[in-house]
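Enquirer: Contents of data38.tsv (TSV, N, CA, C and O atoms) are given next:
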chain	number	residue	atom	x	y	z
V	1	MET	N	35.79	45.95	28.18
V	1	MET	CA	34.68	45.17	28.63
V	1	MET	C	34.65	43.85	27.86
V	1	MET	O	34.76	43.84	26.64
V	2	THR	N	34.48	42.76	28.54
V	2	THR	CA	34.46	41.42	27.94
V	2	THR	C	33.04	40.88	27.97
V	2	THR	O	32.37	40.94	28.99
V	3	THR	N	32.63	40.37	26.82
V	3	THR	CA	31.28	39.79	26.73
V	3	THR	C	31.42	38.30	26.47
V	3	THR	O	32.20	37.87	25.63
V	4	THR	N	30.65	37.53	27.19
V	4	THR	CA	30.67	36.08	27.01
V	4	THR	C	29.32	35.63	26.45
V	4	THR	O	28.29	35.92	27.02
V	5	ASN	N	29.38	35.00	25.29
V	5	ASN	CA	28.16	34.44	24.69
V	5	ASN	C	28.02	33.00	25.12
V	5	ASN	O	28.93	32.20	24.91
V	6	LYS	N	26.90	32.70	25.73
V	6	LYS	CA	26.65	31.32	26.15
V	6	LYS	C	25.59	30.72	25.22
V	6	LYS	O	24.56	31.33	24.98
V	7	ARG	N	25.90	29.57	24.71
V	7	ARG	CA	24.93	28.85	23.88
V	7	ARG	C	24.24	27.81	24.73
V	7	ARG	O	24.87	27.12	25.51
V	8	VAL	N	22.98	27.70	24.52
V	8	VAL	CA	22.21	26.70	25.25
V	8	VAL	C	21.73	25.67	24.23
V	8	VAL	O	21.14	26.01	23.21
V	9	HIS	N	22.03	24.43	24.50
V	9	HIS	CA	21.61	23.34	23.63
V	9	HIS	C	20.64	22.45	24.39
V	9	HIS	O	20.85	22.15	25.56
V	10	GLN	N	19.62	22.03	23.69
V	10	GLN	CA	18.66	21.13	24.29
V	10	GLN	C	18.71	19.81	23.52
V	10	GLN	O	18.57	19.78	22.30
V	11	LEU	N	18.96	18.74	24.24
V	11	LEU	CA	18.99	17.42	23.62
V	11	LEU	C	17.58	16.85	23.62
V	11	LEU	O	16.85	16.96	24.60
V	12	VAL	N	17.20	16.29	22.49
V	12	VAL	CA	15.90	15.66	22.39
V	12	VAL	C	16.07	14.22	21.94
V	12	VAL	O	17.02	13.88	21.24
V	13	ASP	N	15.14	13.39	22.37
V	13	ASP	CA	15.16	11.98	21.99
V	13	ASP	C	14.40	11.85	20.66
V	13	ASP	O	13.20	12.11	20.60
V	14	PRO	N	15.06	11.46	19.57
V	14	PRO	CA	14.40	11.40	18.25
V	14	PRO	C	13.53	10.17	18.04
V	14	PRO	O	12.86	10.04	17.03
V	15	THR	N	13.55	9.24	18.98
V	15	THR	CA	12.77	8.01	18.78
V	15	THR	C	11.31	8.26	19.11
V	15	THR	O	10.95	9.15	19.87
V	16	THR	N	10.48	7.45	18.51
V	16	THR	CA	9.04	7.56	18.73
V	16	THR	C	8.42	6.18	18.60
V	16	THR	O	9.05	5.24	18.10
V	17	LEU	N	7.22	6.06	19.06
V	17	LEU	CA	6.49	4.81	18.89
V	17	LEU	C	5.64	4.91	17.63
V	17	LEU	O	5.18	5.99	17.28
V	18	ALA	N	5.44	3.80	16.98
V	18	ALA	CA	4.62	3.78	15.77
V	18	ALA	C	3.18	4.15	16.11
V	18	ALA	O	2.66	3.74	17.14
V	19	ILE	N	2.59	4.94	15.25
V	19	ILE	CA	1.19	5.29	15.41
V	19	ILE	C	0.39	4.37	14.50
V	19	ILE	O	0.46	4.48	13.28
V	20	VAL	N	-0.31	3.44	15.10
V	20	VAL	CA	-1.05	2.44	14.34
V	20	VAL	C	-2.54	2.69	14.55
V	20	VAL	O	-3.04	2.57	15.67
V	21	PRO	N	-3.24	3.06	13.48
V	21	PRO	CA	-4.67	3.30	13.65
V	21	PRO	C	-5.42	2.00	13.92
V	21	PRO	O	-5.00	0.93	13.49
V	22	ALA	N	-6.51	2.11	14.64
V	22	ALA	CA	-7.33	0.93	14.92
V	22	ALA	C	-8.00	0.45	13.63
V	22	ALA	O	-8.43	1.26	12.81
V	23	PHE	N	-8.04	-0.83	13.44
V	23	PHE	CA	-8.71	-1.39	12.26
V	23	PHE	C	-9.10	-2.82	12.55
V	23	PHE	O	-8.62	-3.42	13.52
V	24	SER	N	-9.96	-3.34	11.74
V	24	SER	CA	-10.33	-4.75	11.86
V	24	SER	C	-10.08	-5.41	10.50
V	24	SER	O	-10.24	-4.78	9.46
V	25	LEU	N	-9.71	-6.65	10.54
V	25	LEU	CA	-9.43	-7.38	9.31
V	25	LEU	C	-10.73	-7.77	8.62
V	25	LEU	O	-11.74	-8.04	9.27
V	26	SER	N	-10.68	-7.81	7.31
V	26	SER	CA	-11.82	-8.29	6.54
V	26	SER	C	-11.91	-9.80	6.69
V	26	SER	O	-10.89	-10.47	6.90
V	27	PRO	N	-13.10	-10.35	6.56
V	27	PRO	CA	-13.21	-11.80	6.64
V	27	PRO	C	-12.48	-12.46	5.46
V	27	PRO	O	-12.41	-11.89	4.38
V	28	ARG	N	-11.93	-13.62	5.71
V	28	ARG	CA	-11.24	-14.35	4.64
V	28	ARG	C	-12.23	-14.83	3.59
V	28	ARG	O	-13.37	-15.16	3.89
V	29	LEU	N	-11.76	-14.88	2.36
V	29	LEU	CA	-12.58	-15.41	1.28
V	29	LEU	C	-12.66	-16.93	1.41
V	29	LEU	O	-11.68	-17.58	1.78
V	30	GLU	N	-13.80	-17.49	1.09
V	30	GLU	CA	-13.97	-18.94	1.12
V	30	GLU	C	-13.08	-19.61	0.07
V	30	GLU	O	-12.53	-20.67	0.28
V	31	SER	N	-12.95	-18.93	-1.09
V	31	SER	CA	-12.19	-19.47	-2.20
V	31	SER	C	-11.69	-18.31	-3.07
V	31	SER	O	-12.28	-17.23	-3.05
V	32	LEU	N	-10.63	-18.53	-3.80
V	32	LEU	CA	-10.13	-17.52	-4.74
V	32	LEU	C	-10.68	-17.72	-6.15
V	32	LEU	O	-10.53	-16.85	-7.00
V	33	THR	N	-11.32	-18.84	-6.39
V	33	THR	CA	-11.80	-19.19	-7.72
V	33	THR	C	-12.73	-18.12	-8.29
V	33	THR	O	-13.71	-17.75	-7.66
V	34	ASP	N	-12.36	-17.64	-9.48
V	34	ASP	CA	-13.15	-16.67	-10.24
V	34	ASP	C	-13.42	-15.34	-9.52
V	34	ASP	O	-14.40	-14.67	-9.79
V	35	LYS	N	-12.55	-14.96	-8.61
V	35	LYS	CA	-12.70	-13.69	-7.89
V	35	LYS	C	-12.14	-12.54	-8.72
V	35	LYS	O	-11.34	-12.73	-9.63
V	36	LYS	N	-12.59	-11.33	-8.38
V	36	LYS	CA	-12.09	-10.11	-9.03
V	36	LYS	C	-11.06	-9.47	-8.11
V	36	LYS	O	-11.33	-9.21	-6.94
V	37	MET	N	-9.89	-9.20	-8.68
V	37	MET	CA	-8.77	-8.68	-7.89
V	37	MET	C	-8.48	-7.24	-8.27
V	37	MET	O	-8.46	-6.87	-9.44
V	38	GLY	N	-8.21	-6.43	-7.26
V	38	GLY	CA	-7.73	-5.07	-7.48
V	38	GLY	C	-6.24	-5.03	-7.20
V	38	GLY	O	-5.75	-5.75	-6.33
V	39	LEU	N	-5.52	-4.21	-7.95
V	39	LEU	CA	-4.07	-4.09	-7.76
V	39	LEU	C	-3.73	-2.63	-7.50
V	39	LEU	O	-4.22	-1.74	-8.19
V	40	ILE	N	-2.88	-2.40	-6.52
V	40	ILE	CA	-2.37	-1.06	-6.24
V	40	ILE	C	-0.85	-1.11	-6.32
V	40	ILE	O	-0.20	-1.83	-5.58
V	41	ASP	N	-0.32	-0.33	-7.22
V	41	ASP	CA	1.12	-0.23	-7.48
V	41	ASP	C	1.64	0.96	-6.68
V	41	ASP	O	1.12	2.06	-6.78
V	42	ASP	N	2.68	0.74	-5.87
V	42	ASP	CA	3.19	1.82	-5.02
V	42	ASP	C	4.14	2.78	-5.74
V	42	ASP	O	4.69	3.67	-5.14
V	43	ALA	N	4.33	2.61	-7.04
V	43	ALA	CA	5.14	3.47	-7.90
V	43	ALA	C	6.64	3.29	-7.72
V	43	ALA	O	7.42	4.06	-8.28
V	44	LYS	N	7.07	2.28	-7.00
V	44	LYS	CA	8.50	1.99	-6.91
V	44	LYS	C	8.91	1.13	-8.10
V	44	LYS	O	8.08	0.49	-8.75
V	45	THR	N	10.20	1.11	-8.35
V	45	THR	CA	10.73	0.31	-9.44
V	45	THR	C	10.33	-1.15	-9.27
V	45	THR	O	10.42	-1.69	-8.18
V	46	ASN	N	9.88	-1.76	-10.34
V	46	ASN	CA	9.51	-3.18	-10.42
V	46	ASN	C	8.18	-3.54	-9.77
V	46	ASN	O	7.79	-4.70	-9.81
V	47	ALA	N	7.47	-2.59	-9.17
V	47	ALA	CA	6.18	-2.93	-8.56
V	47	ALA	C	5.19	-3.41	-9.62
V	47	ALA	O	4.49	-4.40	-9.41
V	48	LYS	N	5.15	-2.72	-10.75
V	48	LYS	CA	4.21	-3.11	-11.81
V	48	LYS	C	4.53	-4.51	-12.33
V	48	LYS	O	3.62	-5.34	-12.51
V	49	GLU	N	5.80	-4.79	-12.53
V	49	GLU	CA	6.20	-6.12	-13.03
V	49	GLU	C	5.83	-7.21	-12.02
V	49	GLU	O	5.37	-8.29	-12.40
V	50	LEU	N	6.03	-6.92	-10.75
V	50	LEU	CA	5.69	-7.88	-9.70
V	50	LEU	C	4.18	-8.15	-9.70
V	50	LEU	O	3.75	-9.30	-9.65
V	51	LEU	N	3.39	-7.10	-9.79
V	51	LEU	CA	1.94	-7.25	-9.82
V	51	LEU	C	1.47	-8.02	-11.05
V	51	LEU	O	0.58	-8.88	-10.96
V	52	GLU	N	2.05	-7.73	-12.21
V	52	GLU	CA	1.67	-8.43	-13.43
V	52	GLU	C	1.96	-9.92	-13.33
V	52	GLU	O	1.14	-10.76	-13.72
V	53	GLU	N	3.12	-10.25	-12.82
V	53	GLU	CA	3.50	-11.67	-12.66
V	53	GLU	C	2.58	-12.36	-11.66
V	53	GLU	O	2.10	-13.48	-11.89
V	54	PHE	N	2.32	-11.71	-10.54
V	54	PHE	CA	1.44	-12.25	-9.51
V	54	PHE	C	0.03	-12.46	-10.06
V	54	PHE	O	-0.59	-13.51	-9.84
V	55	ALA	N	-0.48	-11.48	-10.80
V	55	ALA	CA	-1.81	-11.58	-11.39
V	55	ALA	C	-1.89	-12.74	-12.37
V	55	ALA	O	-2.89	-13.46	-12.42
V	56	GLU	N	-0.83	-12.94	-13.15
V	56	GLU	CA	-0.80	-14.05	-14.10
V	56	GLU	C	-0.85	-15.40	-13.39
V	56	GLU	O	-1.59	-16.30	-13.79
V	57	VAL	N	-0.09	-15.54	-12.32
V	57	VAL	CA	-0.09	-16.79	-11.55
V	57	VAL	C	-1.48	-17.05	-10.96
V	57	VAL	O	-2.00	-18.18	-11.04
V	58	LEU	N	-2.10	-16.03	-10.39
V	58	LEU	CA	-3.44	-16.22	-9.80
V	58	LEU	C	-4.48	-16.51	-10.88
V	58	LEU	O	-5.39	-17.30	-10.66
V	59	HIS	N	-4.34	-15.89	-12.04
V	59	HIS	CA	-5.27	-16.17	-13.13
V	59	HIS	C	-5.13	-17.62	-13.60
V	59	HIS	O	-6.13	-18.34	-13.77
V	60	ASP	N	-3.89	-18.06	-13.79
V	60	ASP	CA	-3.65	-19.42	-14.27
V	60	ASP	C	-4.12	-20.48	-13.28
V	60	ASP	O	-4.61	-21.53	-13.67
V	61	ASN	N	-3.97	-20.21	-11.98
V	61	ASN	CA	-4.30	-21.20	-10.95
V	61	ASN	C	-5.73	-21.12	-10.42
V	61	ASN	O	-6.27	-22.12	-9.96
V	62	PHE	N	-6.34	-19.94	-10.46
V	62	PHE	CA	-7.65	-19.77	-9.84
V	62	PHE	C	-8.68	-19.09	-10.74
V	62	PHE	O	-9.82	-18.89	-10.33
V	63	GLY	N	-8.29	-18.67	-11.93
V	63	GLY	CA	-9.22	-17.98	-12.82
V	63	GLY	C	-9.50	-16.54	-12.39
V	63	GLY	O	-10.47	-15.94	-12.83
V	64	ILE	N	-8.65	-16.01	-11.54
V	64	ILE	CA	-8.84	-14.64	-11.03
V	64	ILE	C	-8.59	-13.64	-12.13
V	64	ILE	O	-7.65	-13.77	-12.92
V	65	LYS	N	-9.44	-12.63	-12.19
V	65	LYS	CA	-9.29	-11.57	-13.18
V	65	LYS	C	-8.97	-10.25	-12.48
V	65	LYS	O	-9.51	-9.96	-11.42
V	66	VAL	N	-8.11	-9.45	-13.10
V	66	VAL	CA	-7.81	-8.13	-12.58
V	66	VAL	C	-8.96	-7.22	-12.96
V	66	VAL	O	-9.25	-7.03	-14.14
V	67	GLN	N	-9.64	-6.69	-11.97
V	67	GLN	CA	-10.78	-5.81	-12.20
V	67	GLN	C	-10.34	-4.35	-12.28
V	67	GLN	O	-10.79	-3.61	-13.13
V	68	LYS	N	-9.46	-3.95	-11.38
V	68	LYS	CA	-8.99	-2.57	-11.32
V	68	LYS	C	-7.49	-2.54	-11.05
V	68	LYS	O	-6.98	-3.36	-10.29
V	69	TYR	N	-6.80	-1.58	-11.67
V	69	TYR	CA	-5.37	-1.38	-11.46
V	69	TYR	C	-5.16	0.11	-11.19
V	69	TYR	O	-5.62	0.95	-11.95
V	70	TYR	N	-4.51	0.40	-10.09
V	70	TYR	CA	-4.19	1.79	-9.74
V	70	TYR	C	-2.71	1.91	-9.43
V	70	TYR	O	-2.10	0.99	-8.88
V	71	GLN	N	-2.14	3.06	-9.78
V	71	GLN	CA	-0.77	3.35	-9.40
V	71	GLN	C	-0.77	4.61	-8.55
V	71	GLN	O	-1.33	5.63	-8.95
V	72	LYS	N	-0.17	4.50	-7.37
V	72	LYS	CA	-0.06	5.67	-6.51
V	72	LYS	C	0.91	6.67	-7.13
V	72	LYS	O	1.80	6.27	-7.89
V	73	PRO	N	0.79	7.96	-6.83
V	73	PRO	CA	1.72	8.95	-7.39
V	73	PRO	C	3.14	8.76	-6.86
V	73	PRO	O	4.10	9.04	-7.55
V	74	SER	N	3.26	8.25	-5.63
V	74	SER	CA	4.58	7.96	-5.07
V	74	SER	C	4.40	7.00	-3.89
V	74	SER	O	3.32	6.92	-3.31
V	75	ALA	N	5.48	6.32	-3.56
V	75	ALA	CA	5.42	5.34	-2.47
V	75	ALA	C	5.19	6.02	-1.12
V	75	ALA	O	4.65	5.42	-0.20
V	76	GLY	N	5.60	7.28	-1.01
V	76	GLY	CA	5.48	7.98	0.26
V	76	GLY	C	4.10	8.52	0.56
V	76	GLY	O	3.85	9.02	1.66
V	77	LYS	N	3.20	8.43	-0.39
V	77	LYS	CA	1.85	8.95	-0.17
V	77	LYS	C	0.87	7.79	-0.04
V	77	LYS	O	0.98	6.81	-0.76
V	78	PRO	N	-0.11	7.93	0.86
V	78	PRO	CA	-1.09	6.85	0.98
V	78	PRO	C	-2.04	6.85	-0.22
V	78	PRO	O	-2.17	7.85	-0.92
V	79	THR	N	-2.68	5.73	-0.42
V	79	THR	CA	-3.67	5.64	-1.49
V	79	THR	C	-4.86	6.51	-1.12
V	79	THR	O	-5.31	6.52	0.02
V	80	ASP	N	-5.35	7.24	-2.08
V	80	ASP	CA	-6.50	8.12	-1.87
V	80	ASP	C	-7.67	7.32	-1.30
V	80	ASP	O	-8.03	6.28	-1.85
V	81	PRO	N	-8.28	7.77	-0.21
V	81	PRO	CA	-9.41	7.04	0.38
V	81	PRO	C	-10.57	6.79	-0.59
V	81	PRO	O	-11.24	5.77	-0.50
V	82	GLU	N	-10.78	7.70	-1.54
V	82	GLU	CA	-11.84	7.48	-2.53
V	82	GLU	C	-11.52	6.28	-3.43
V	82	GLU	O	-12.41	5.53	-3.82
V	83	ILE	N	-10.23	6.12	-3.76
V	83	ILE	CA	-9.82	4.97	-4.58
V	83	ILE	C	-10.00	3.69	-3.77
V	83	ILE	O	-10.48	2.68	-4.29
V	84	ILE	N	-9.64	3.72	-2.50
V	84	ILE	CA	-9.81	2.53	-1.65
V	84	ILE	C	-11.28	2.15	-1.58
V	84	ILE	O	-11.64	0.98	-1.71
V	85	LYS	N	-12.15	3.12	-1.41
V	85	LYS	CA	-13.58	2.85	-1.34
V	85	LYS	C	-14.07	2.25	-2.66
V	85	LYS	O	-14.77	1.23	-2.67
V	86	LYS	N	-13.68	2.87	-3.77
V	86	LYS	CA	-14.12	2.40	-5.09
V	86	LYS	C	-13.62	0.98	-5.37
V	86	LYS	O	-14.39	0.12	-5.82
V	87	ILE	N	-12.35	0.75	-5.12
V	87	ILE	CA	-11.78	-0.57	-5.42
V	87	ILE	C	-12.38	-1.64	-4.52
V	87	ILE	O	-12.58	-2.78	-4.93
V	88	SER	N	-12.71	-1.29	-3.28
V	88	SER	CA	-13.31	-2.27	-2.38
V	88	SER	C	-14.73	-2.63	-2.80
V	88	SER	O	-15.19	-3.73	-2.52
V	89	GLU	N	-15.41	-1.71	-3.46
V	89	GLU	CA	-16.77	-1.99	-3.94
V	89	GLU	C	-16.76	-2.83	-5.22
V	89	GLU	O	-17.72	-3.55	-5.49
V	90	GLU	N	-15.70	-2.74	-6.01
V	90	GLU	CA	-15.66	-3.41	-7.31
V	90	GLU	C	-14.85	-4.70	-7.32
V	90	GLU	O	-14.88	-5.43	-8.30
V	91	CYS	N	-14.12	-4.96	-6.25
V	91	CYS	CA	-13.23	-6.12	-6.22
V	91	CYS	C	-13.51	-6.98	-4.99
V	91	CYS	O	-13.96	-6.49	-3.96
V	92	ASP	N	-13.15	-8.27	-5.13
V	92	ASP	CA	-13.29	-9.19	-3.99
V	92	ASP	C	-12.10	-9.08	-3.03
V	92	ASP	O	-12.25	-9.33	-1.84
V	93	PHE	N	-10.95	-8.72	-3.58
V	93	PHE	CA	-9.76	-8.51	-2.74
V	93	PHE	C	-8.77	-7.62	-3.48
V	93	PHE	O	-8.88	-7.41	-4.68
V	94	VAL	N	-7.81	-7.08	-2.74
V	94	VAL	CA	-6.83	-6.15	-3.30
V	94	VAL	C	-5.43	-6.57	-2.90
V	94	VAL	O	-5.20	-7.00	-1.77
V	95	VAL	N	-4.49	-6.43	-3.82
V	95	VAL	CA	-3.08	-6.70	-3.56
V	95	VAL	C	-2.32	-5.40	-3.79
V	95	VAL	O	-2.51	-4.72	-4.80
V	96	VAL	N	-1.46	-5.07	-2.83
V	96	VAL	CA	-0.61	-3.88	-2.95
V	96	VAL	C	0.82	-4.36	-3.13
V	96	VAL	O	1.29	-5.20	-2.36
V	97	ALA	N	1.51	-3.86	-4.16
V	97	ALA	CA	2.89	-4.27	-4.41
V	97	ALA	C	3.85	-3.18	-3.97
V	97	ALA	O	3.63	-2.00	-4.20
V	98	ILE	N	4.90	-3.61	-3.34
V	98	ILE	CA	5.97	-2.70	-2.94
V	98	ILE	C	7.19	-3.10	-3.74
V	98	ILE	O	7.73	-4.19	-3.56
V	99	GLY	N	7.59	-2.23	-4.66
V	99	GLY	CA	8.75	-2.51	-5.50
V	99	GLY	C	10.04	-2.27	-4.74
V	99	GLY	O	10.05	-1.97	-3.56
V	100	SER	N	11.15	-2.38	-5.46
V	100	SER	CA	12.43	-2.17	-4.79
V	100	SER	C	13.12	-0.93	-5.32
V	100	SER	O	12.81	-0.40	-6.34
Here is the file; what I need is its structure written in the form of structure tokens.
Expert:
Amino acid sequence: MTTTNKRVHQLVDPTTLAIVPAFSLSPRLESLTDKKMGLIDDAKTNAKELLEEFAEVLHDNFGIKVQKYYQKPSAGKPTDPEIIKKISEECDFVVVAIGS
């Protein structure tokens, strides 16, 4: 007796469309002078150095002070919503750095 095993393969399309949540932009600041800045470091190499340099340039040119600094546990995880809420209440604007 002969038995034939047939394999069935299903091809799937691995592409997808980006899922972009609805959001609205914050109003632009009238001026950067003497504003409080929040920094979020994405935990990649050189992100902290990039943020420090950027903060120094903004301080020298506009008197901006770093109010809060946070580092995410990893680049692949979003910033905790509680941190976003807290930083938005304490800062005039936030900069997120993506290292290399």
Enquirer: How far is it from atom CA of Glu89 of chain V to atom CA of Pro73 of chain V, in Å with one decimal?
Expert: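 Between these atoms lies a distance of 21.8 Å.
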Enquirer: Within chain V, find each residue whose DSSP state, derived from the backbone, is strand (DSSP E or B), and express the selection as number ranges by chain.
Expert: V: 36-41, 65-71, 93-97
Enquirer: If you run DSSP on the backbone here, which positions in chain V get helix (DSSP H, G or I)? Please write them as a ChimeraX atom specification.
Expert: /V:47-62,81-90
Enquirer: Which residues come within 5 Å of Asp41 of chain V, counting all atoms listed in the file, excluding same-chain residues fewer than 2 positions away, as a PDB file with N, CA, C and O atoms, in the frame of the given file?
Expert:
ATOM      1  N   LEU V  39      -5.520  -4.210  -7.950  1.00  0.00           N
ATOM      2  CA  LEU V  39      -4.070  -4.090  -7.760  1.00  0.00           C
ATOM      3  C   LEU V  39      -3.730  -2.630  -7.500  1.00  0.00           C
ATOM      4  O   LEU V  39      -4.220  -1.740  -8.190  1.00  0.00           O
ATOM      5  N   ALA V  43       4.330   2.610  -7.040  1.00  0.00           N
ATOM      6  CA  ALA V  43       5.140   3.470  -7.900  1.00  0.00           C
ATOM      7  C   ALA V  43       6.640   3.290  -7.720  1.00  0.00           C
ATOM      8  O   ALA V  43       7.420   4.060  -8.280  1.00  0.00           O
ATOM      9  N   TYR V  70      -4.510   0.400 -10.090  1.00  0.00           N
ATOM     10  CA  TYR V  70      -4.190   1.790  -9.740  1.00  0.00           C
ATOM     11  C   TYR V  70      -2.710   1.910  -9.430  1.00  0.00           C
ATOM     12  O   TYR V  70      -2.100   0.990  -8.880  1.00  0.00           O
ATOM     13  N   GLN V  71      -2.140   3.060  -9.780  1.00  0.00           N
ATOM     14  CA  GLN V  71      -0.770   3.350  -9.400  1.00  0.00           C
ATOM     15  C   GLN V  71      -0.770   4.610  -8.550  1.00  0.00           C
ATOM     16  O   GLN V  71      -1.330   5.630  -8.950  1.00  0.00           O
ATOM     17  N   LYS V  72      -0.170   4.500  -7.370  1.00  0.00           N
ATOM     18  CA  LYS V  72      -0.060   5.670  -6.510  1.00  0.00           C
ATOM     19  C   LYS V  72       0.910   6.670  -7.130  1.00  0.00           C
ATOM     20  O   LYS V  72       1.800   6.270  -7.890  1.00  0.00           O
ATOM     21  N   ALA V  97       1.510  -3.860  -4.160  1.00  0.00           N
ATOM     22  CA  ALA V  97       2.890  -4.270  -4.410  1.00  0.00           C
ATOM     23  C   ALA V  97       3.850  -3.180  -3.970  1.00  0.00           C
ATOM     24  O   ALA V  97       3.630  -2.000  -4.200  1.00  0.00           O
TER      25      ALA V  97
END
Enquirer: Please return as number ranges by chain every residue within 7 Å of (-15.6, -11.8, -2.4), taking into account only N, CA, C and O atoms and the file's own coordinates.
Expert: V: 29-31, 35-36, 91-93
Enquirer: I need the residue nearest Lys68 of chain V from this list: V:Thr4, V:Pro27, V:Thr16, V:Met37. Use all atoms listed in the file for the distance.
Expert: V:Met37
